[in-house]
file input-v3.cif (mmCIF, C-alpha atoms)
data_start
#
loop_
_atom_site.label_atom_id
_atom_site.label_comp_id
_atom_site.auth_asym_id
_atom_site.auth_seq_id
_atom_site.Cartn_x
_atom_site.Cartn_y
_atom_site.Cartn_z
CA MET A 1 31.99 -26.46 41.94
CA SER A 2 30.30 -23.17 41.50
CA PRO A 3 26.51 -22.97 41.25
CA ARG A 4 25.20 -22.84 37.71
CA LEU A 5 23.43 -19.70 36.59
CA ARG A 6 20.10 -20.23 34.93
CA LEU A 7 19.29 -17.86 32.12
CA PRO A 8 15.67 -17.26 31.27
CA SER A 9 14.54 -18.90 28.09
CA LEU A 10 14.07 -16.64 25.10
CA ARG A 11 10.81 -18.35 24.31
CA LEU A 12 9.27 -16.93 27.45
CA ARG A 13 10.21 -13.39 26.51
CA ARG A 14 8.61 -13.37 23.10
CA ARG A 15 5.35 -11.57 22.87
CA ALA A 16 2.41 -13.25 21.29
CA ARG A 17 1.77 -11.91 17.81
CA VAL A 18 -1.53 -10.10 17.68
CA GLU A 19 -3.46 -10.54 14.46
CA ARG A 20 -5.56 -7.62 13.32
CA PRO A 21 -9.09 -8.34 12.27
CA PRO A 22 -9.65 -8.00 8.51
CA ALA A 23 -11.79 -4.87 8.92
CA VAL A 24 -8.85 -2.91 10.41
CA GLN A 25 -6.36 -3.71 7.64
CA ALA A 26 -6.04 -1.31 4.74
CA GLU A 27 -8.29 -2.14 1.81
CA VAL A 28 -6.77 0.50 -0.46
CA VAL A 29 -3.84 -0.58 -2.64
CA LEU A 30 -1.74 1.78 -4.77
CA TYR A 31 0.20 0.17 -7.61
CA ARG A 32 2.99 2.56 -8.50
CA CYS A 33 6.44 2.90 -10.07
CA PRO A 34 9.64 2.20 -8.12
CA THR A 35 10.62 5.88 -7.92
CA PRO A 36 11.75 6.43 -4.31
CA THR A 37 10.33 9.94 -3.95
CA ASN A 38 6.79 11.29 -4.16
CA TYR A 39 7.74 14.39 -6.18
CA LEU A 40 9.08 13.08 -9.49
CA CYS A 41 6.18 11.21 -11.03
CA PRO A 42 2.36 11.09 -11.18
CA CYS A 43 2.39 8.11 -8.82
CA GLY A 44 3.80 10.41 -6.16
CA ALA A 45 0.94 12.87 -6.58
CA VAL A 46 -1.50 10.08 -5.76
CA ALA A 47 0.57 8.99 -2.75
CA ARG A 48 0.69 12.58 -1.47
CA ARG A 49 -3.09 12.93 -1.79
CA LEU A 50 -3.66 9.66 0.08
CA GLU A 51 -1.40 10.91 2.88
CA LYS A 52 -3.16 14.28 2.94
CA LEU A 53 -6.57 12.66 3.24
CA GLY A 54 -5.35 10.28 5.95
CA VAL A 55 -6.26 7.15 3.99
CA ALA A 56 -4.58 3.95 5.16
CA TYR A 57 -3.17 2.26 2.08
CA ARG A 58 -0.67 -0.35 0.96
CA THR A 59 1.89 0.36 -1.76
CA GLU A 60 2.90 -2.17 -4.41
CA ARG A 61 5.95 -1.04 -6.38
CA LEU A 62 6.09 -2.34 -9.93
CA PRO A 63 8.96 -2.42 -12.43
CA TYR A 64 9.46 0.37 -14.96
CA ARG A 65 9.15 -2.07 -17.86
CA ARG A 66 5.52 -2.24 -18.96
CA SER A 67 5.80 -5.82 -20.18
CA SER A 68 6.59 -6.88 -16.59
CA ARG A 69 3.21 -5.80 -15.17
CA PRO A 70 0.76 -8.67 -15.76
CA GLU A 71 -1.29 -7.89 -12.62
CA ILE A 72 -2.02 -4.38 -13.91
CA GLU A 73 -3.12 -5.73 -17.28
CA GLU A 74 -5.52 -8.07 -15.46
CA LEU A 75 -6.99 -5.21 -13.42
CA THR A 76 -7.29 -2.49 -16.07
CA GLY A 77 -6.65 -4.02 -19.47
CA GLN A 78 -3.60 -1.80 -19.97
CA SER A 79 -0.09 -1.68 -18.53
CA ARG A 80 0.15 1.92 -17.30
CA ILE A 81 0.44 2.95 -13.67
CA PRO A 82 -0.61 4.35 -11.18
CA VAL A 83 -3.61 2.20 -10.38
CA LEU A 84 -5.67 2.52 -7.21
CA VAL A 85 -7.74 -0.40 -5.93
CA ASP A 86 -10.29 0.73 -3.33
CA GLY A 87 -12.38 -2.27 -2.33
CA ASP A 88 -14.22 -3.22 -5.52
CA GLU A 89 -13.29 0.00 -7.36
CA VAL A 90 -10.29 0.00 -9.71
CA VAL A 91 -9.21 3.44 -10.93
CA HIS A 92 -6.29 4.15 -13.27
CA ASP A 93 -4.66 7.38 -14.48
CA SER A 94 -3.34 9.76 -11.85
CA LYS A 95 -5.79 12.58 -12.61
CA ARG A 96 -8.79 10.27 -12.44
CA ILE A 97 -7.47 8.78 -9.18
CA LEU A 98 -7.16 12.26 -7.65
CA GLN A 99 -10.71 13.12 -8.74
CA TYR A 100 -11.98 9.82 -7.36
CA LEU A 101 -10.26 10.40 -4.01
CA ASP A 102 -11.67 13.91 -3.72
CA TRP A 103 -15.13 12.64 -4.58
CA SER A 104 -15.11 9.53 -2.37
CA ARG A 105 -13.31 10.96 0.67
CA ARG A 106 -14.78 14.44 0.75
CA LYS A 107 -15.79 15.84 4.11
CA ARG A 108 -19.51 15.73 4.62
#
call {"tool": "encode", "arguments": {"input": "input-v3.cif", "output": "structure tokens"}}
result
Amino acid sequence: MSPRLRLPSLRLRRRARVERPPAVQAEVVLYRCPTPTNYLCPCGAVARRLEKLGVAYRTERLPYRRSSRPEIEELTGQSRIPVLVDGDEVVHDSKRILQYLDWSRRKR
């Protein structure tokens, strides 16, 4: 009989998952349309500005159909997007979001 080869267990090779503390995770959420590019809609203008300012954010893509957006109606009372949630602040309308970002993230 030949000696049996022992293969290392896969469990030993897995790395422990490191959880980030809540303060490090992004607190800015952008609710936007499902358009795959940032150049065809007002939602993309907001995404481009967030990238330009270096803001860490999370994107939630919503359906085109306005009647399928109950979370937006809860936040703003209307069904239009984009909507930016920055901590306790909820801002809707792309132009107002851009003004808010320039005001809140300006270099001091």
call {"tool": "closest_residue", "arguments": {"input": "input-v3.cif", "among": "A:Ile72, A:Val85, A:Val90, A:Val28", "to": "A:Gly54", "atoms": "all atoms listed in the file"}}
result
A:Val28
call {"tool": "atom_distance", "arguments": {"input": "input-v3.cif", "atom1": "atom CA of A:Ala56", "atom2": "atom CA of A:Glu71"}}
result
21.6 Å
call {"tool": "closest_residue", "arguments": {"input": "input-v3.cif", "among": "A:Lys95, A:Tyr31, A:Val55, A:Trp103", "to": "A:Leu75", "atoms": "only C-alpha atoms"}}
result
A:Tyr31
call {"tool": "resolve_selection", "arguments": {"input": "input-v3.cif", "expression": "the PyMOL selection byres ((chain A and resi 34-43) around 8)", "output": "number ranges by chain"}}
result
A: 32-33, 44-48, 61-64, 81-82, 94
call {"tool": "atom_distance", "arguments": {"input": "input-v3.cif", "atom1": "atom CA of A:Leu98", "atom2": "atom CA of A:Leu50"}}
result
8.9 Å
call {"tool": "resolve_selection", "arguments": {"input": "input-v3.cif", "expression": "the PyMOL selection byres ((chain A and resi 27) around 8)", "output": "list in words"}}
result
Gln25, Ala26, Val28, Val29, Ala56, Tyr57, Arg58, Val85, Asp86 and Gly87 of chain A
call {"tool": "closest_residue", "arguments": {"input": "input-v3.cif", "among": "A:Glu74, A:Asp102, A:Glu89, A:Leu30", "to": "A:Glu60", "atoms": "all atoms listed in the file"}}
result
A:Leu30
call {"tool": "atom_distance", "arguments": {"input": "input-v3.cif", "atom1": "atom CA of A:His92", "atom2": "atom CA of A:Arg80"}}
result
7.9 Å
call {"tool": "closest_residue", "arguments": {"input": "input-v3.cif", "among": "A:Val91, A:Leu53, A:Gln99, A:Arg105", "to": "A:Thr76", "atoms": "all atoms listed in the file"}}
result
A:Val91
